[in-house]
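A short worksheet on the structure shown next.
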Amino acid sequence: MTSNEIRSKFLEFFKEKGHKIIPSASLIPENDPSVLFTTAGMQQFKLYYTNPELAKRDFGVNNVATVQKCVRTGDIEEVGDNNHLTFFEMLGNFSFGGYGRKDAIEYAHEFITKEMGLKISYVTIFKGSQNIRRDDESEKIWQSLGVTNIREEGMEDLFWGPTGDSGPCGLTTEIYCKNASDEDVEIWNIVFNEYFSDGSREKLDKGEAKLTKLPVMGVDTGMGLERLVSVVQNKKSVYDTDLFDNEETKEKRIIVDHTRAITFMISDGVRPSNKGSGYVLRRLMRTVASYKNIDIEKLVEIIIEKLRKQYFELNKEWVVLEFKNERAAYEQAYNHTEAEISKHQGFTGYQAFNISSTLGTRISDIIEIAKKKGTVLSDKFKDEFEEASKKHQELSRTSSAGMFKGGLVDSGEESKKLHTATHLLNQALRIVLGEHVVQKGSNINAERLRFDFVHPRKLSEEEKDEVERIVNQKIDEGLPVGFVEMPRIEAEKIATHSFNEKYGDVVKVYSIGDETKGYFSREFCGGPHVSNTKELADNPNGAPKRFKIQKEEAVSAGVRRIKAILV
Ligand code: SER
């Protein structure tokens, strides 16, 4: 069976069982600025676990199925073994109050054993914890299907989620099958979303988040396509399947895995930068660039050729262009690094960290260069480097936490422009629709902005036109953009802010306009922004850009969403 057939079989199987097939969401999460990438199929459906009635409205049914593109970098060190990837496709079926444990497990069993003709090696069930009881029910269901090799695990392995700052989560049961290396490979994870956590997984593990029962139980399943294919095609590794080209060495596997991730990220609008998802992309690109003599054009072409039919958005030109630029930047940084290292006699880990963080050179490259030049490393080189990098991480965590509140997924020029456009839009909406308009959320990347706000009904064509007209007028007026820091109590008197965020005692207020021209907008915000609204019209290759609303829709009762671009 080919990987294409397996994908289609999965979707057909669940379609026949009454599921609506939904396209993959973008790798950049649409509803959740607190996560960098889409890491699971359920992410685009988070809302429906807490508001199951909306599923009927949006899909006509309670059950859906997808093939979702995902990026996970948590296991990046393991990429290159038989089963780990940073980019993968996830097959999933989801139910928002439509069915529960019995159907979910029976469907999975039927698909694996009948459709795929596989033998289940073993399954796992939750063994119970301090406040959640053992999953006896799943055990009984597996036994009724004749599966007797059942293992028990605890919170760490068999409690899933939430993704991001909060969300649905719950117990899981997993299916393992053997590959041709005789390894047991985790194929399918079936999550029963019974709870809502008001904090992140980290907080939950520390006992700092609260679990409440969801009104109805949800089902969220995820099956890694590449792993499933490796088992069905009886291969020793995912890299031996028809999704790859039999990459055998660790090096080749890393190159092809990272290039797949890079290809999908860039096609979804991520661009290399020093922050957030752009930083993850940059790291992956630089790792690939560090292997010399790679024909990137050829490699991207092969990757896209295999997946073109599933993912029309894949864009070879963008990927190759961005890669070449990044490779040039990397090579330049490499040369600068050589020059910097030459300046040192004893070369300490602190010095190495400074070089790495200013020039963006990887530590492995720094050590390699130092060795090549015969530079002597200090005795505690590694400890020193780690100490410096930990300190830096703590600092950047605080600053990025602030930045993601602004809804930006990176801090590139285009995102900055769209961020400023979001402030203009917010104020234009308040003028056209009224002062009740309050921001509920935003998400901005290099391609488009998305803005959620309180408003009871659909916007008319006239209202949308008027909002566009005002924003464009403010762009044409070339208003200065700047910020001041002031006590929150003072700021609340003059600036707008969203009501679902917590602010410190001192806040930054960004303003558009100035005292002489008058302030058009003043908002609580961490930035970053352009310095003048006329930059939004910049277009080196043609007519000045215009602000345009692409879509206006409901997200939940009383909350509307606008997607807009500069074009
Ligand atoms: N959300 C679960 C996972 O990612 C099941 O889809 O494994």
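If you're wondering about the labels, chains in the structure tokens are A, B, ... by order shown, residues count from 1 in each chain, ligands from 1 in order shown.
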#### Entry: Contacts of region 328-339 of chain A within 9 Å, only C-alpha atoms, excl. fewer than 4 positions in-chain, as a ChimeraX atom specification
/A:286,289-290,323-324,343,355-356,359-361,365-366,369-370,373
### Message
Going by DSSP on the backbone, which residues of region 86-257 of chain A come out as strand (DSSP E)? List them as a VMD selection string.
### Response
chain A and resid 87 to 96 122 to 126 150 to 153 159 to 160 167 to 178 184 to 197 211 to 224
### Task
Please indicate the distance in Å from CA of Ile105 (chain A) to CA of Ile120 (chain A), rounded to one decimal place.
12.8 Å
### Task
Excluding Val319 (chain A) and residues on its chain fewer than 6 positions from it, collect all residues at most 8 Å away from it, counting only C-alpha atoms, and give them as number ranges by chain.
A: 262-263, 266-267, 300
Saved selection, atoms kept: C-alpha atoms, as a CSV table (one decimal), in the first residue's frame:
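Output below, filename out03.csv:
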chain,number,residue,atom,x,y,z
A,262,ILE,CA,11.6,24.2,6.3
A,263,THR,CA,9.6,23.7,3.1
A,266,ILE,CA,8.1,28.9,4.5
A,267,SER,CA,5.1,27.9,2.4
A,300,VAL,CA,13.0,20.8,-2.2
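With distances restricted to only C-alpha atoms, A:Ala180 is the closest residue to Val231 (chain A) from A:Ala180, A:Val471, A:Val191, A:Ala557.
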### Task
Apply DSSP to the backbone of this structure and, from region 217-325 of chain A, keep only the residues in alpha helix (DSSP H); write these as an MDAnalysis selection string.
chainID A and resid 225:232 250:267 276:290 296:307 316:325
### Near-ligand residues for ligand 1, threshold 9 Å, only C-alpha atoms and all ligand atoms, as a ChimeraX atom specification
/A:39-43,90-94,160-163,169,172,188-191,219-224
### Task
Skip Ile255 (chain A) itself and residues of its chain fewer than 4 positions away, then list as a ChimeraX atom specification all residues within 12 Å of it, counting only C-alpha atoms.
/A:79-80,85-87,239,244,247-251,259-263,284-296,299-300,303
### Message
With only C-alpha atoms as the counted atoms, please give the residues lying no more than 8 Å from Lys69 (chain A), apart from itself and same-chain residues fewer than 6 positions off, as an MDAnalysis selection string.
### Response
chainID A and resid 24:27 38 41 87:90
Output C-alpha atoms of each residue in that selection to a file, as a PDB file, in the first residue's frame.
ATOM      1  CA  SER A  24      -5.351  20.595   7.358  1.00  0.00           C
ATOM      2  CA  ALA A  25      -4.989  23.867   9.250  1.00  0.00           C
ATOM      3  CA  SER A  26      -1.918  26.047   8.711  1.00  0.00           C
ATOM      4  CA  LEU A  27       1.306  25.217  10.558  1.00  0.00           C
ATOM      5  CA  THR A  38       0.560  23.439  15.054  1.00  0.00           C
ATOM      6  CA  GLY A  41      -4.571  17.713  14.785  1.00  0.00           C
ATOM      7  CA  PHE A  87       7.732  17.677  10.440  1.00  0.00           C
ATOM      8  CA  PHE A  88       5.103  14.980  10.109  1.00  0.00           C
ATOM      9  CA  GLU A  89       1.546  14.412   9.007  1.00  0.00           C
ATOM     10  CA  MET A  90      -0.987  13.363  11.564  1.00  0.00           C
TER      11      MET A  90
END
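Counting only C-alpha atoms and comparing A:Ala428, A:Val71, A:Leu433, A:Ala421, the residue that lies closest to Val35 (chain A) is A:Val71.
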### Message
Using only C-alpha atoms for the distances, tell me which of A:Tyr122, A:Phe264, A:Phe524, A:Phe353 is nearest to Cys70 (chain A).
### Response
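For Cys70 (chain A), the nearest of the candidates is A:Phe264.
Nearest residue to Glu115 (chain A), choosing from A:Lys252, A:Arg7, A:Lys417, A:Arg362 and counting only C-alpha atoms: A:Arg7.
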### Task
Excluding Glu492 (chain A) and residues on its chain fewer than 6 positions from it, collect all residues at most 10 Å away from it, counting only C-alpha atoms, and give them as a list in words.
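Skipping anything fewer than 6 positions along the chain leaves Met486, Val507, Val509, Glu523 and Phe524 of chain A.
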Put those residues in a file: all heavy atoms, as a PDB file, in the first residue's frame.
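Okay, this is what ended up in out_2.pdb:
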ATOM      1  N   MET A 486       4.209  54.094  31.030  1.00  0.00           N
ATOM      2  CA  MET A 486       3.588  54.898  32.091  1.00  0.00           C
ATOM      3  C   MET A 486       2.850  53.990  33.072  1.00  0.00           C
ATOM      4  O   MET A 486       2.591  52.827  32.777  1.00  0.00           O
ATOM      5  CB  MET A 486       2.644  55.934  31.475  1.00  0.00           C
ATOM      6  CG  MET A 486       1.535  55.375  30.620  1.00  0.00           C
ATOM      7  SD  MET A 486       0.347  56.647  30.238  1.00  0.00           S
ATOM      8  CE  MET A 486       0.993  57.295  28.730  1.00  0.00           C
ATOM      9  N   VAL A 507       3.028  50.054  32.093  1.00  0.00           N
ATOM     10  CA  VAL A 507       2.724  49.470  30.784  1.00  0.00           C
ATOM     11  C   VAL A 507       3.279  50.348  29.670  1.00  0.00           C
ATOM     12  O   VAL A 507       3.536  51.538  29.866  1.00  0.00           O
ATOM     13  CB  VAL A 507       1.202  49.308  30.572  1.00  0.00           C
ATOM     14  CG1 VAL A 507       0.616  48.332  31.564  1.00  0.00           C
ATOM     15  CG2 VAL A 507       0.494  50.656  30.653  1.00  0.00           C
ATOM     16  N   VAL A 509       2.479  52.126  26.185  1.00  0.00           N
ATOM     17  CA  VAL A 509       1.342  52.560  25.371  1.00  0.00           C
ATOM     18  C   VAL A 509       1.871  52.987  24.008  1.00  0.00           C
ATOM     19  O   VAL A 509       2.722  53.877  23.916  1.00  0.00           O
ATOM     20  CB  VAL A 509       0.596  53.732  26.036  1.00  0.00           C
ATOM     21  CG1 VAL A 509      -0.452  54.304  25.084  1.00  0.00           C
ATOM     22  CG2 VAL A 509      -0.049  53.278  27.329  1.00  0.00           C
ATOM     23  N   GLU A 523      -2.917  52.452  22.392  1.00  0.00           N
ATOM     24  CA  GLU A 523      -3.229  51.102  22.888  1.00  0.00           C
ATOM     25  C   GLU A 523      -2.141  50.580  23.800  1.00  0.00           C
ATOM     26  O   GLU A 523      -0.968  50.831  23.540  1.00  0.00           O
ATOM     27  CB  GLU A 523      -3.287  50.112  21.704  1.00  0.00           C
ATOM     28  CG  GLU A 523      -4.627  49.920  21.087  1.00  0.00           C
ATOM     29  CD  GLU A 523      -4.633  48.735  20.112  1.00  0.00           C
ATOM     30  OE1 GLU A 523      -4.169  47.648  20.485  1.00  0.00           O
ATOM     31  OE2 GLU A 523      -5.099  48.936  18.976  1.00  0.00           O
ATOM     32  N   PHE A 524      -2.528  49.780  24.789  1.00  0.00           N
ATOM     33  CA  PHE A 524      -1.551  49.024  25.561  1.00  0.00           C
ATOM     34  C   PHE A 524      -0.922  48.019  24.599  1.00  0.00           C
ATOM     35  O   PHE A 524      -1.642  47.292  23.915  1.00  0.00           O
ATOM     36  CB  PHE A 524      -2.238  48.181  26.647  1.00  0.00           C
ATOM     37  CG  PHE A 524      -2.714  48.935  27.832  1.00  0.00           C
ATOM     38  CD1 PHE A 524      -3.204  50.225  27.729  1.00  0.00           C
ATOM     39  CD2 PHE A 524      -2.699  48.330  29.084  1.00  0.00           C
ATOM     40  CE1 PHE A 524      -3.658  50.900  28.855  1.00  0.00           C
ATOM     41  CE2 PHE A 524      -3.146  48.993  30.194  1.00  0.00           C
ATOM     42  CZ  PHE A 524      -3.638  50.279  30.088  1.00  0.00           C
TER      43      PHE A 524
END
